[in-house]
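S.K.: Have a look at this one before I ask anything.
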Amino acid sequence: MGRYRMGVTSLLCICTLSGGCGAPSTEAPESLGAQGSPLAGSTCQPVGQVKDIAPSSASAFPDFGPQSPTAVGSTAFFAANDGTTGLELWRSQGTDGDTTLVKDIAQGSGNADPRWLTALGNTLFFIADDGTHGPELWKTNGTAEGTVLVKDIRTGPGDSEAGFLTALGNTLFFVANDGTHGLELWKSDGTEAGTVMVKDLVPGAAGSGVSSLAVFAGQLYFAADGGPHEAELWKTNGSEEGTARVAVVRVIESDPGEQLIRGLTPSGGTLFFFAGSAYEEQWDLWKSNGTGEGTTRVQVLSLGPDDYQSGPVKMTSVGGQVFFRAGKGGSLWRSDGTQEGTLIVKHSSDVRELKAFLGSLFFTAWDQASGYELWKSDGTTAGTALVADLKPGSDSAAPFWLTVVDDQLLFSAETEEHGRELWTSDGTQAGTVLLHDLVPGAESATPALLTVVGPRVFFLATDGANGVEPWVLNDCVPPALTCPASLTVEATSQSGATAVWAPPLVSDNKPAQPVVSFSQTSGSLFPLGTTPVTITATDESGNSSRCELSITVRDTQPPRLVCPTDQRFDRTTRHGAVVNYQPAAVRDDVSTPQVRYTIPSGSEFPLGSTPVRVSATDAAGNRAFCTFQVTVMDAVRQGACGCGSTTPGGLLGWALLVSLSRFAAWRRRK
């Protein structure tokens, strides 16, 4: 195979371009409201060049050894050369406007050559050479002012050989040589005072040759030379007293040559690593549980000079087991941590690009029939199969830069029709398709160094006119949004009522939860009538969906009406009495009701009992009724001497009147 040029990352809407991702369901579950719809006028571009950093056809990245972009939040940091400032640190969030030089560390055209880019919280640590202090530890917050030398570990222009930067909690661990103690383990909290050697494992300038740092069970594990011809596994919590040897690892006893440890890889509750003997020309697979007794050989992997020189490489954890390449022919091995469970699943196939995806291992491998193509394995020989022969026959599509993006596997591959371009796979032959032909036709964009940064994927590529520049795959898929069901609530005051609804259902194709906003929030006061509430969900890429529910506040409750008690009055007029009665008591939470009486107070009521019907009607037309009696009584019939009375007092009155009448008549005759 020929050498493939490198290129920068680009962000692409994988589902949109490939059609491989199903659209969100449009069926609303019961009790849910409308489905959200994408906002009109979106300007999201699925794929494109981020910025032409280097002029004309020059490349912003070196042909050999370019550094992969490193994510700090949603910002990509990378080393690039604009042709003026040399190879320096740059940053980007995916657009031309926010892609800028962080700082010209080696001022002028000199190369700071930033390497070992490592995120620790919101800070990026890296190794760079400013031309004065030699390659040393630096840090940045993304601004020129915040980009500073942490410490000149090897004073002066000498190289501190700093590397293996590894973040654990709030501490950065790394290997460095201060010129006095040799290569030892160091740590930093980002300050000069807090950047110190953890422990001088082997006193003197020779150092302990610390390498292969890995985080396991909350501590840092690493390999070190304990002395002549010895390799040791160590661990530390960051303190000198908390730094201890786990085990001396001997491939063979009394080895007169050098023994090596490399490839520390956590998998579940086990730390796997390779151990080799240069004298015996042998590599083994080892494992450790963090104790001396629990650090043991699993299996001998290779014997003989050819196998030893090839060495085991690229250990990858998949579902509690590890896969790796070992031996001269590049066979694919897998191990579950037992001797019998450590075996070759694909012989002499020059396996590369090992990547865990959908619970299986995906990788690039060669065979006589199909050349270098995309394969997958479940850890068994029978379950190891070709995914797709993209370049049919023995020619090779050579899939490189396998990168998991959501539920897709993104990679670079070459075909006769399209050249080397971006492809995607869902793990099936039918679902392995060209994602985007960045340079149409047989010419190649040669995408490389694919790196997920927030919702985007950065990569290096060329469009045929410019050199190798940063590109991006953008997420153009809006969130899936379903509103809660519309509500109808009863008014509780003249101002309306508060309304509380269930949260909307929101999901996105990216891990970050979309931000949800409301035109009015749940628990707000809503007026009488119907008020639309708009809910908007916006993902990290700025894609938005919107849905609407209605809040209806109504008044269906009648006024609370209480009539006065039945009332009695004496006759005051010829026909009865003019009566002024007590009014009915009425109350309503929403409006002032209108009260009507069938006979208003102040009217003349006839003798006897008369019902008065009262109605109260509120602004919504709700009515309440009650009735009370007004009784007008004749005073004669109730008194002791009224005309027509039949009581004893009344009869005496009549007798007296008769006597007086007779007396008056007698006197007239006289």
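Numbering starts fresh at 1 for the residues of each chain in the structure tokens, the chains themselves are lettered A, B, ... in the order given, and ligands are numbered from 1 as they appear.
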When you look at stretch 571-582 of chain A with a cut-off of 12 Å (counting only C-alpha atoms), what residues show up, excluding the ones that are within fewer than 6 positions of it in the same chain? I need them as a PyMOL selection string.
M.R.: chain A and resi 562-565+597+599-610+612+628-638
S.K.: Find the spatial neighbours of A:Val351, counting only C-alpha atoms, within a cut-off of 9 Å - ignore same-chain residues fewer than 6 positions away - and output them as a PDB file with C-alpha atoms, in the first residue's frame.
M.R.:
ATOM      1  CA  PHE A 324      -4.665  -6.996  20.428  1.00  0.00           C
ATOM      2  CA  ARG A 325      -2.253  -7.628  17.590  1.00  0.00           C
ATOM      3  CA  GLY A 329       1.981 -11.657  10.653  1.00  0.00           C
ATOM      4  CA  GLY A 330      -0.067  -9.309  12.811  1.00  0.00           C
ATOM      5  CA  SER A 331      -2.550 -11.899  14.093  1.00  0.00           C
ATOM      6  CA  LEU A 332      -5.630 -10.813  16.006  1.00  0.00           C
ATOM      7  CA  PHE A 363     -10.801  -3.455  12.703  1.00  0.00           C
ATOM      8  CA  THR A 364      -8.946  -3.366   9.412  1.00  0.00           C
ATOM      9  CA  ALA A 365      -7.417  -6.659   8.272  1.00  0.00           C
ATOM     10  CA  TRP A 366      -5.979  -8.303   5.195  1.00  0.00           C
ATOM     11  CA  TYR A 372      -7.331  -4.718   3.433  1.00  0.00           C
TER      12      TYR A 372
END
S.K.: Need the shell around A:Arg456: protein/DNA/RNA residues with any atom at most 6 Å away, counting only C-alpha atoms. Skip same-chain ones fewer than 3 positions apart. Format as a PDB file with C-alpha atoms, in the first residue's frame?
M.R.:
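Listed below is the output, around36.pdb:
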ATOM      1  CA  LEU A  11     -17.708  17.949  11.460  1.00  0.00           C
ATOM      2  CA  VAL A 452     -14.921  13.819  18.187  1.00  0.00           C
ATOM      3  CA  VAL A 453     -15.116  17.290  19.751  1.00  0.00           C
ATOM      4  CA  LEU A 473     -18.562  17.338  10.264  1.00  0.00           C
ATOM      5  CA  ASN A 474     -21.381  19.285  11.828  1.00  0.00           C
TER       6      ASN A 474
END
S.K.: Per DSSP on the backbone, what are the alpha helix (DSSP H) residues of stretch 468-654 of chain A, as a list in words?
M.R.: Ala635, Val636, Arg637, Gln638, Pro648, Gly649, Gly650, Leu651, Leu652, Gly653 and Trp654 of chain A
S.K.: Of the residues A:Thr75, A:Ser288, A:Ser493, A:Gln520, which is the one nearest to A:Ile551, using only C-alpha atoms?
M.R.: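 Result for the nearest residue to A:Ile551: A:Gln520.
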S.K.: Can you work out the spacing between atom CA of A:Val516 and atom CA of A:Ile535 in Å, to one decimal?
M.R.: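 The value is 7.0 Å.
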S.K.: Write out as a ChimeraX atom specification which residues come within 8 Å of A:Ala106 when counting only C-alpha atoms, dropping same-chain ones fewer than 5 positions away.
M.R.: /A:85-86,88,111-112,129-131
S.K.: List every residue of stretch 228-444 of chain A that DSSP, applied to the backbone of this structure, places in strand (DSSP E), and write the result as JSON, numbers by chain.
M.R.: {"A": [230, 231, 232, 233, 234, 235, 236, 243, 244, 245, 246, 247, 248, 249, 259, 260, 261, 262, 263, 264, 265, 266, 267, 270, 271, 272, 273, 274, 275, 276, 277, 282, 283, 284, 285, 286, 287, 288, 296, 297, 298, 299, 300, 301, 302, 303, 313, 314, 315, 316, 317, 318, 321, 322, 323, 324, 325, 326, 331, 332, 333, 334, 335, 342, 343, 344, 345, 346, 352, 353, 354, 355, 356, 357, 360, 361, 362, 363, 364, 365, 366, 367, 371, 372, 373, 374, 375, 376, 377, 384, 385, 386, 387, 388, 400, 401, 402, 403, 404, 405, 408, 409, 410, 411, 412, 413, 414, 415, 419, 420, 421, 422, 423, 424, 425, 433, 434, 435, 436]}
S.K.: For stretch 217-221 of chain A, please output as a PyMOL selection string all residues within 8 Å (counting only C-alpha atoms; exclusion window: fewer than 6 positions along the same chain).
M.R.: chain A and resi 168+233-238+269
S.K.: Could you dump the residues just selected with all heavy atoms as a CSV table (one decimal), in the first residue's frame?
M.R.:
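Saved the output as part_13.csv:
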chain,number,residue,atom,x,y,z
A,168,LEU,N,-5.6,12.5,35.9
A,168,LEU,CA,-6.3,11.7,37.0
A,168,LEU,C,-6.9,12.7,38.0
A,168,LEU,O,-6.1,13.3,38.7
A,168,LEU,CB,-5.4,10.7,37.6
A,168,LEU,CG,-5.9,10.0,38.8
A,168,LEU,CD1,-7.2,9.2,38.4
A,168,LEU,CD2,-4.9,9.0,39.4
A,233,LEU,N,6.0,-3.1,37.9
A,233,LEU,CA,4.7,-2.4,37.8
A,233,LEU,C,4.5,-1.6,39.1
A,233,LEU,O,4.6,-2.2,40.2
A,233,LEU,CB,3.6,-3.4,37.6
A,233,LEU,CG,2.1,-2.9,37.6
A,233,LEU,CD1,2.0,-2.0,36.3
A,233,LEU,CD2,1.1,-4.0,37.6
A,234,TRP,N,4.2,-0.3,39.0
A,234,TRP,CA,4.0,0.6,40.1
A,234,TRP,C,2.6,1.2,40.1
A,234,TRP,O,2.0,1.2,39.1
A,234,TRP,CB,5.1,1.7,40.1
A,234,TRP,CG,6.5,1.2,40.5
A,234,TRP,CD1,7.3,0.5,39.7
A,234,TRP,CD2,7.2,1.6,41.7
A,234,TRP,NE1,8.5,0.3,40.4
A,234,TRP,CE2,8.5,1.0,41.6
A,234,TRP,CE3,6.9,2.3,42.8
A,234,TRP,CZ2,9.4,1.1,42.6
A,234,TRP,CZ3,7.8,2.5,43.8
A,234,TRP,CH2,9.1,1.8,43.7
A,235,LYS,N,2.3,1.7,41.2
A,235,LYS,CA,1.1,2.5,41.3
A,235,LYS,C,1.3,3.7,42.3
A,235,LYS,O,2.1,3.6,43.2
A,235,LYS,CB,-0.1,1.7,41.8
A,235,LYS,CG,0.0,1.2,43.2
A,235,LYS,CD,-1.3,0.3,43.6
A,235,LYS,CE,-1.2,-0.3,45.0
A,235,LYS,NZ,-2.3,-1.1,45.3
A,236,THR,N,0.4,4.7,42.1
A,236,THR,CA,0.6,5.9,43.0
A,236,THR,C,-0.8,6.6,43.1
A,236,THR,O,-1.6,6.6,42.2
A,236,THR,CB,1.6,6.9,42.4
A,236,THR,OG1,1.7,8.0,43.4
A,236,THR,CG2,1.2,7.5,41.1
A,237,ASN,N,-1.0,7.3,44.3
A,237,ASN,CA,-2.1,8.1,44.5
A,237,ASN,C,-1.7,9.6,44.4
A,237,ASN,O,-2.5,10.5,44.6
A,237,ASN,CB,-2.8,7.9,45.9
A,237,ASN,CG,-1.8,8.2,47.0
A,237,ASN,OD1,-0.7,8.7,46.8
A,237,ASN,ND2,-2.2,7.8,48.2
A,238,GLY,N,-0.4,9.8,44.0
A,238,GLY,CA,0.1,11.2,43.8
A,238,GLY,C,1.0,11.7,44.9
A,238,GLY,O,1.7,12.7,44.7
A,269,GLY,N,-12.4,-5.0,35.8
A,269,GLY,CA,-11.6,-4.9,37.1
A,269,GLY,C,-10.2,-5.5,36.9
A,269,GLY,O,-9.6,-5.8,37.9
S.K.: Compile the contact shell of A:Gly371 as a list in words: residues with an atom at most 9 Å away, counting only C-alpha atoms, same-chain residues fewer than 4 positions apart removed.
M.R.: Ala365, Trp366, Asp367, Asp389, Lys391, Pro392, Gly393, Ser394, Asp395, Ser396, Ala397 and Ala398 of chain A
S.K.: At a cut-off of 9 Å, using only C-alpha atoms, what residues contact A:Asp406? Leave out same-chain residues fewer than 6 positions from it and give the result as a PyMOL selection string.
M.R.: chain A and resi 509-511
S.K.: Quote the spacing between atom CA of A:Glu281 and atom CA of A:Tyr308 in Å to one decimal place.
M.R.: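 Atom-to-atom, atom CA of A:Glu281 and atom CA of A:Tyr308 are spaced 5.2 Å apart.
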S.K.: Closest to A:Pro62 among A:Val500, A:Gly294, A:Gly467, A:His133, using only C-alpha atoms?
M.R.: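 Ranking A:Val500, A:Gly294, A:Gly467, A:His133 by distance to A:Pro62, first place goes to A:Gly467.
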S.K.: Return the single residue from A:Val300, A:Ala382, A:Leu271, A:Ala247 that is closest to A:Gln321, with distances computed using only C-alpha atoms.
M.R.: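 Result for the nearest residue to A:Gln321: A:Leu271.
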S.K.: May I ask which of the residues A:Val468, A:Lys151, A:Val248, A:Gly542 is the closest one to A:Gly292, counting only C-alpha atoms?
M.R.: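 Ranked by minimum distance to A:Gly292, first place goes to A:Val248.
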S.K.: So which one's closest to A:Arg352, A:Asp189, A:Glu340, A:Glu373, A:Asp82? Using only C-alpha atoms, please.
M.R.: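 Of A:Asp189, A:Glu340, A:Glu373, A:Asp82, the one nearest A:Arg352, counting only C-alpha atoms, is A:Glu373.
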S.K.: Looking at only C-alpha atoms, which of A:Pro203, A:Pro447, A:Gly134, A:Pro266 is the one that sits closest to A:Thr462?
M.R.: A:Pro447
